[in-house]
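Peer 1: Got a structure here, written out as structure tokens. Questions coming.
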Amino acid sequence: MKTLLATLALGLATAFMPQQAAASATIYVGHGVNGEDLGLPSELPVDVAVDGGCLLTGVPFGTISDPVEGLDPGPYEVEISLSDGACGGALVMTSRVDLAFGETATVIAHLDQNMTLKISKFTNKVAAPGRKHSRLTVHHLAAAPEVLVKLKRFSSGKISLIRGLTNGSQSFPAVVRDGGYRLAIFPAGTTKPRHALFRTNLHLDGNTSYFGYAVGSAENGLTVLVLAVPG
């Protein structure tokens with residue numbers, strides 16, 4: 001009987017452990033607040049604490065952290081403070097973030113359309129678009145009006161347009177061929193070069209999901225933080 005019970009217990013433990021691993025959540029932390037928009041140096045390094053524990057220190061504007069893995073699903077209190085290297089600096093913003101079973105998400109500090117500091121969470125829907133294709137999702141998180149995103153493939157000249165993005169919104173994932181692209185952001189209703197709010201070159205790898213976060217402000221300039229997650 002003892003042998004049978006031990007065998008059953010081992011079988012249950014083996015079956016349960018992969019479910020535990022699959023249930024854990026993963027987050028990436030992004031810093032999308034240009035210090036110039038607050039009258040401070042642009043890099044504006046910050047520390048990030050989660051539920052009172054210091055998670056990241058000295059994070060500069062324009063960066064996305066490596067994945068923070070193995071998080072239990074549920075609510076978390078995220079605090080962002082001016083960096084002193086120990087999460088003890090002046091508190092800049094705080095927000096509750098809820099993580100679901102198995103979720104992969106980006107938690108990012110940015111400005112809303114009224115120049116108010118905000119922390120937002122976005123679920124990263126990762127898919128395998130194929131060996132020669134990429135998957136791109138664009139988020140509008142800048143203190144700017146509605147924008148249009150233009151993506152031009154260098155090799156063919158093919159143009160893809162993402163329209164109707166307002167602060168806090170995201171595009172539907174677009175599946176495109178891998179390779180080099182010119183990405184530009186314009187105010188809604190125009191693609192004239194002189195009106196561009198931001199331009200950059202991108203290389204998109206195959207079988208990879210990309211998440212672009214447009215941050216900053218129309219007043220001091222936009223930039224795009226890019227997260228690449230292999231499919």
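Chain labels run A, B, ... following the order of the structure tokens; each chain numbers its residues from 1, and ligands are numbered from 1 in the order shown.
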If you count only C-alpha atoms, which residues fall within 9 Å of A:Ala23, apart from same-chain ones fewer than 5 positions away, as a ChimeraX atom specification?
Peer 2: /A:18,70-73,100-103
Peer 1: Report as a list in words all protein, DNA and RNA residues lying within 6 Å of stretch 119-134 of chain A, evaluated on only C-alpha atoms, omitting residues in the same chain fewer than 5 positions from it.
Peer 2: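 Counting only C-alpha atoms, the residues come to Thr104, Ala105, Thr106, Val107, Ile108, Ala109, Val175, Val176, Arg177, Asp178, Gly206, Asn207, Thr208, Ser209 and Gly231 of chain A.
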Peer 1: Using only C-alpha atoms, find the one residue out of A:Pro173, A:Leu55, A:Phe61, A:Thr223 that sits nearest to A:Glu43.
Peer 2: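 For A:Glu43, the nearest of the given residues is A:Phe61.
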Peer 1: Skip A:Gly62 itself and residues of its chain fewer than 3 positions away, then list as a short mmCIF file (atom, residue, chain, number, x, y, z; two decimals) with N, CA and C atoms, in the first residue's frame all residues within 8 Å of it, counting only C-alpha atoms.
Peer 2:
data_model
loop_
_atom_site.label_atom_id
_atom_site.label_comp_id
_atom_site.auth_asym_id
_atom_site.auth_seq_id
_atom_site.Cartn_x
_atom_site.Cartn_y
_atom_site.Cartn_z
N GLY A 30 9.19 48.73 -19.40
CA GLY A 30 9.65 49.76 -20.32
C GLY A 30 9.62 51.15 -19.68
N HIS A 31 10.62 51.96 -19.99
CA HIS A 31 10.68 53.35 -19.51
C HIS A 31 10.48 54.27 -20.71
N GLY A 32 9.28 54.83 -20.81
CA GLY A 32 8.92 55.64 -21.97
C GLY A 32 8.64 57.10 -21.65
N VAL A 33 9.24 57.61 -20.57
CA VAL A 33 9.05 59.01 -20.21
C VAL A 33 10.34 59.78 -20.44
N ASN A 34 10.33 60.64 -21.46
CA ASN A 34 11.48 61.48 -21.74
C ASN A 34 11.55 62.58 -20.67
N GLU A 43 17.46 61.44 -20.04
CA GLU A 43 17.59 60.02 -19.68
C GLU A 43 16.78 59.64 -18.45
N THR A 223 9.71 58.86 -29.94
CA THR A 223 10.63 57.79 -30.24
C THR A 223 9.86 56.48 -30.11
N VAL A 224 10.44 55.40 -30.60
CA VAL A 224 9.76 54.10 -30.53
C VAL A 224 10.64 53.10 -29.82
N LEU A 225 10.12 52.52 -28.76
CA LEU A 225 10.80 51.42 -28.07
C LEU A 225 10.35 50.12 -28.74
#
Peer 1: What is the distance, in Å and to one decimal place, between atom CA of A:Leu227 and atom CA of A:Pro187?
Peer 2: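 If I compute the distance from atom CA of A:Leu227 to atom CA of A:Pro187, I get 23.4 Å.
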Peer 1: When you draw a straight line from atom CA of A:Gly52 to atom CA of A:Gly88, how long is it in Å?
Peer 2: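 Separation between atom CA of A:Gly52 and atom CA of A:Gly88: 10.5 Å.
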Peer 1: Neighbouring residues of stretch 151-159 of chain A were defined as those with any atom within 9 Å, considering only C-alpha atoms; residues of the same chain fewer than 6 positions away were excluded. Please report them as a VMD selection string.
Peer 2: chain A and resid 177 179 to 185
Peer 1: Can you spit out the residues from that selection as an mmCIF file, in the first residue's frame, using all heavy atoms?
Peer 2:
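Listing of again_4.cif after writing:
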data_model
loop_
_atom_site.group_PDB
_atom_site.id
_atom_site.type_symbol
_atom_site.label_atom_id
_atom_site.label_comp_id
_atom_site.auth_asym_id
_atom_site.auth_seq_id
_atom_site.Cartn_x
_atom_site.Cartn_y
_atom_site.Cartn_z
ATOM 1 N N ARG A 177 6.592 40.563 -44.522
ATOM 2 C CA ARG A 177 7.819 39.845 -44.850
ATOM 3 C C ARG A 177 8.960 40.341 -43.983
ATOM 4 O O ARG A 177 9.028 41.510 -43.620
ATOM 5 C CB ARG A 177 8.165 40.029 -46.331
ATOM 6 C CG ARG A 177 7.236 39.313 -47.287
ATOM 7 C CD ARG A 177 7.338 37.809 -47.166
ATOM 8 N NE ARG A 177 8.683 37.303 -47.388
ATOM 9 C CZ ARG A 177 9.126 36.877 -48.572
ATOM 10 N NH1 ARG A 177 8.344 36.918 -49.637
ATOM 11 N NH2 ARG A 177 10.366 36.414 -48.691
ATOM 12 N N GLY A 179 12.892 41.454 -43.134
ATOM 13 C CA GLY A 179 13.793 42.307 -43.893
ATOM 14 C C GLY A 179 13.844 43.728 -43.360
ATOM 15 O O GLY A 179 13.390 44.015 -42.251
ATOM 16 N N GLY A 180 14.399 44.644 -44.155
ATOM 17 C CA GLY A 180 14.602 46.025 -43.753
ATOM 18 C C GLY A 180 13.422 46.921 -44.096
ATOM 19 O O GLY A 180 12.833 46.798 -45.175
ATOM 20 N N TYR A 181 13.103 47.825 -43.186
ATOM 21 C CA TYR A 181 11.974 48.736 -43.364
ATOM 22 C C TYR A 181 12.345 50.135 -42.887
ATOM 23 O O TYR A 181 13.208 50.316 -42.024
ATOM 24 C CB TYR A 181 10.758 48.261 -42.554
ATOM 25 C CG TYR A 181 10.068 47.047 -43.122
ATOM 26 C CD1 TYR A 181 10.510 45.766 -42.808
ATOM 27 C CD2 TYR A 181 8.964 47.188 -43.970
ATOM 28 C CE1 TYR A 181 9.880 44.641 -43.327
ATOM 29 C CE2 TYR A 181 8.328 46.060 -44.492
ATOM 30 C CZ TYR A 181 8.786 44.806 -44.164
ATOM 31 O OH TYR A 181 8.163 43.696 -44.683
ATOM 32 N N ARG A 182 11.641 51.119 -43.450
ATOM 33 C CA ARG A 182 11.658 52.483 -42.959
ATOM 34 C C ARG A 182 10.330 52.720 -42.265
ATOM 35 O O ARG A 182 9.270 52.600 -42.876
ATOM 36 C CB ARG A 182 11.823 53.472 -44.113
ATOM 37 C CG ARG A 182 11.890 54.943 -43.700
ATOM 38 C CD ARG A 182 13.134 55.247 -42.915
ATOM 39 N NE ARG A 182 13.391 56.701 -42.851
ATOM 40 C CZ ARG A 182 14.329 57.230 -42.086
ATOM 41 N NH1 ARG A 182 15.093 56.451 -41.320
ATOM 42 N NH2 ARG A 182 14.538 58.539 -42.086
ATOM 43 N N LEU A 183 10.372 53.038 -40.960
ATOM 44 C CA LEU A 183 9.157 53.303 -40.198
ATOM 45 C C LEU A 183 9.076 54.791 -39.918
ATOM 46 O O LEU A 183 10.056 55.414 -39.487
ATOM 47 C CB LEU A 183 9.159 52.515 -38.884
ATOM 48 C CG LEU A 183 7.916 52.668 -37.997
ATOM 49 C CD1 LEU A 183 7.622 51.350 -37.274
ATOM 50 C CD2 LEU A 183 8.097 53.789 -36.959
ATOM 51 N N ALA A 184 7.906 55.373 -40.188
ATOM 52 C CA ALA A 184 7.696 56.789 -39.919
ATOM 53 C C ALA A 184 6.328 56.986 -39.280
ATOM 54 O O ALA A 184 5.378 56.257 -39.577
ATOM 55 C CB ALA A 184 7.801 57.600 -41.211
ATOM 56 N N ILE A 185 6.253 57.973 -38.391
ATOM 57 C CA ILE A 185 4.997 58.302 -37.707
ATOM 58 C C ILE A 185 4.605 59.724 -38.090
ATOM 59 O O ILE A 185 5.422 60.651 -38.030
ATOM 60 C CB ILE A 185 5.149 58.177 -36.188
ATOM 61 C CG1 ILE A 185 5.525 56.737 -35.803
ATOM 62 C CG2 ILE A 185 3.855 58.583 -35.476
ATOM 63 C CD1 ILE A 185 5.782 56.547 -34.325
#
Peer 1: Please give the complete set of residues from stretch 1-225 of chain A that DSSP, run on the backbone, assigns to strand (DSSP E), formatted as a PyMOL selection string.
Peer 2: chain A and resi 25-31+46-50+53-59+63-64+68-71+74-82+91-99+104-111+117-123+133-140+147-153+159-165+174-177+179-187+198-204+208-217+221-225
Peer 1: Which residues are close to A:Leu44, i.e. within 6 Å by only C-alpha atoms, leaving aside same-chain residues fewer than 3 positions away? Reply as an MDAnalysis selection string.
Peer 2: chainID A and resid 35 41 60:61
Peer 1: Quick one: residues within 12 Å of A:Thr116, only C-alpha atoms, excluding same-chain residues fewer than 4 positions away - as a PyMOL selection string?
Peer 2: chain A and resi 33+37-38+92-93+109-112+141-144+167+216-217
Peer 1: Could you please take those selected residues and save N, CA, C and O atoms as a short mmCIF file (atom, residue, chain, number, x, y, z; two decimals), in the first residue's frame?
Peer 2:
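Saved as again14.cif:
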data_model
loop_
_atom_site.label_atom_id
_atom_site.label_comp_id
_atom_site.auth_asym_id
_atom_site.auth_seq_id
_atom_site.Cartn_x
_atom_site.Cartn_y
_atom_site.Cartn_z
N VAL A 33 9.24 57.61 -20.57
CA VAL A 33 9.05 59.01 -20.21
C VAL A 33 10.34 59.78 -20.44
O VAL A 33 11.33 59.58 -19.72
N ASP A 37 10.27 66.15 -21.15
CA ASP A 37 8.86 66.47 -21.04
C ASP A 37 8.47 66.89 -19.63
O ASP A 37 7.37 67.41 -19.41
N LEU A 38 9.37 66.67 -18.66
CA LEU A 38 9.14 67.06 -17.27
C LEU A 38 10.10 68.15 -16.83
O LEU A 38 10.17 68.48 -15.64
N VAL A 92 7.64 58.70 -8.27
CA VAL A 92 7.14 59.39 -9.46
C VAL A 92 5.73 58.94 -9.79
O VAL A 92 4.85 59.75 -10.07
N MET A 93 5.49 57.64 -9.76
CA MET A 93 4.15 57.12 -10.06
C MET A 93 4.00 55.72 -9.51
O MET A 93 4.98 55.00 -9.27
N ALA A 109 6.01 52.76 -18.44
CA ALA A 109 5.72 54.11 -17.98
C ALA A 109 5.72 55.04 -19.19
O ALA A 109 6.62 54.98 -20.03
N HIS A 110 4.71 55.91 -19.28
CA HIS A 110 4.60 56.80 -20.45
C HIS A 110 3.74 57.99 -20.09
O HIS A 110 3.33 58.16 -18.93
N LEU A 111 3.47 58.85 -21.05
CA LEU A 111 2.60 60.00 -20.88
C LEU A 111 1.27 59.75 -21.57
O LEU A 111 1.24 59.14 -22.64
N ASP A 112 0.19 60.26 -20.98
CA ASP A 112 -1.07 60.22 -21.73
C ASP A 112 -1.18 61.49 -22.57
O ASP A 112 -0.25 62.32 -22.60
N LEU A 141 1.65 55.56 -27.27
CA LEU A 141 1.74 55.93 -25.85
C LEU A 141 2.42 57.28 -25.67
O LEU A 141 3.04 57.55 -24.64
N ALA A 142 2.31 58.14 -26.67
CA ALA A 142 2.95 59.45 -26.64
C ALA A 142 1.91 60.55 -26.38
O ALA A 142 0.73 60.39 -26.68
N ALA A 143 2.40 61.66 -25.81
CA ALA A 143 1.54 62.83 -25.65
C ALA A 143 1.44 63.53 -26.99
O ALA A 143 2.13 64.50 -27.29
N ALA A 144 0.60 62.97 -27.83
CA ALA A 144 0.45 63.44 -29.21
C ALA A 144 -0.96 63.09 -29.69
O ALA A 144 -1.59 62.18 -29.16
N ASN A 167 -3.78 57.93 -28.32
CA ASN A 167 -3.03 57.62 -27.12
C ASN A 167 -3.70 56.50 -26.32
O ASN A 167 -4.90 56.57 -26.03
N GLY A 216 7.05 59.57 -25.72
CA GLY A 216 7.53 60.94 -25.82
C GLY A 216 6.37 61.90 -25.99
O GLY A 216 5.27 61.67 -25.50
N SER A 217 6.61 62.98 -26.73
CA SER A 217 5.56 63.97 -26.94
C SER A 217 5.76 64.66 -28.28
O SER A 217 6.87 64.72 -28.81
#
Peer 1: So how many Å separate atom CA of A:Val46 and atom CA of A:Leu82, to one decimal?
Peer 2: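 Value for the atom CA of A:Val46-atom CA of A:Leu82 distance: 4.6 Å.
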Peer 1: Determine, using only C-alpha atoms, which residues of stretch 137-160 of chain A have any atom at most 10 Å from an atom of stretch 191-194 of chain A, and tabulate each with its shortest atom pair and distance in Å to one decimal place, rows ordered by chain and then rising number, as JSON lines.
Peer 2:
{"residue": "A:Leu148", "atom": "CA", "partner": "A:Thr191", "partner_atom": "CA", "distance": 7.9}
{"residue": "A:Val149", "atom": "CA", "partner": "A:Thr191", "partner_atom": "CA", "distance": 8.8}
{"residue": "A:Lys150", "atom": "CA", "partner": "A:Thr191", "partner_atom": "CA", "distance": 7.7}
Peer 1: Would you put the residues from that selection into a file with all heavy atoms, as an mmCIF file, in the first residue's frame?
Peer 2:
data_model
loop_
_atom_site.group_PDB
_atom_site.id
_atom_site.type_symbol
_atom_site.label_atom_id
_atom_site.label_comp_id
_atom_site.auth_asym_id
_atom_site.auth_seq_id
_atom_site.Cartn_x
_atom_site.Cartn_y
_atom_site.Cartn_z
ATOM 1 N N LEU A 148 -0.677 58.278 -37.700
ATOM 2 C CA LEU A 148 -0.642 57.283 -38.768
ATOM 3 C C LEU A 148 0.788 56.747 -38.834
ATOM 4 O O LEU A 148 1.745 57.526 -38.788
ATOM 5 C CB LEU A 148 -1.050 57.923 -40.078
ATOM 6 C CG LEU A 148 -1.008 57.103 -41.375
ATOM 7 C CD1 LEU A 148 -2.020 57.677 -42.369
ATOM 8 C CD2 LEU A 148 0.377 57.121 -42.017
ATOM 9 N N VAL A 149 0.940 55.436 -38.927
ATOM 10 C CA VAL A 149 2.259 54.811 -39.006
ATOM 11 C C VAL A 149 2.466 54.264 -40.416
ATOM 12 O O VAL A 149 1.616 53.531 -40.944
ATOM 13 C CB VAL A 149 2.405 53.671 -37.973
ATOM 14 C CG1 VAL A 149 3.773 53.010 -38.095
ATOM 15 C CG2 VAL A 149 2.202 54.205 -36.561
ATOM 16 N N LYS A 150 3.595 54.632 -41.019
ATOM 17 C CA LYS A 150 3.930 54.193 -42.382
ATOM 18 C C LYS A 150 5.137 53.262 -42.321
ATOM 19 O O LYS A 150 6.168 53.614 -41.754
ATOM 20 C CB LYS A 150 4.240 55.402 -43.257
ATOM 21 C CG LYS A 150 4.618 55.066 -44.694
ATOM 22 C CD LYS A 150 4.896 56.350 -45.472
ATOM 23 C CE LYS A 150 5.350 56.082 -46.901
ATOM 24 N NZ LYS A 150 5.633 57.352 -47.626
#
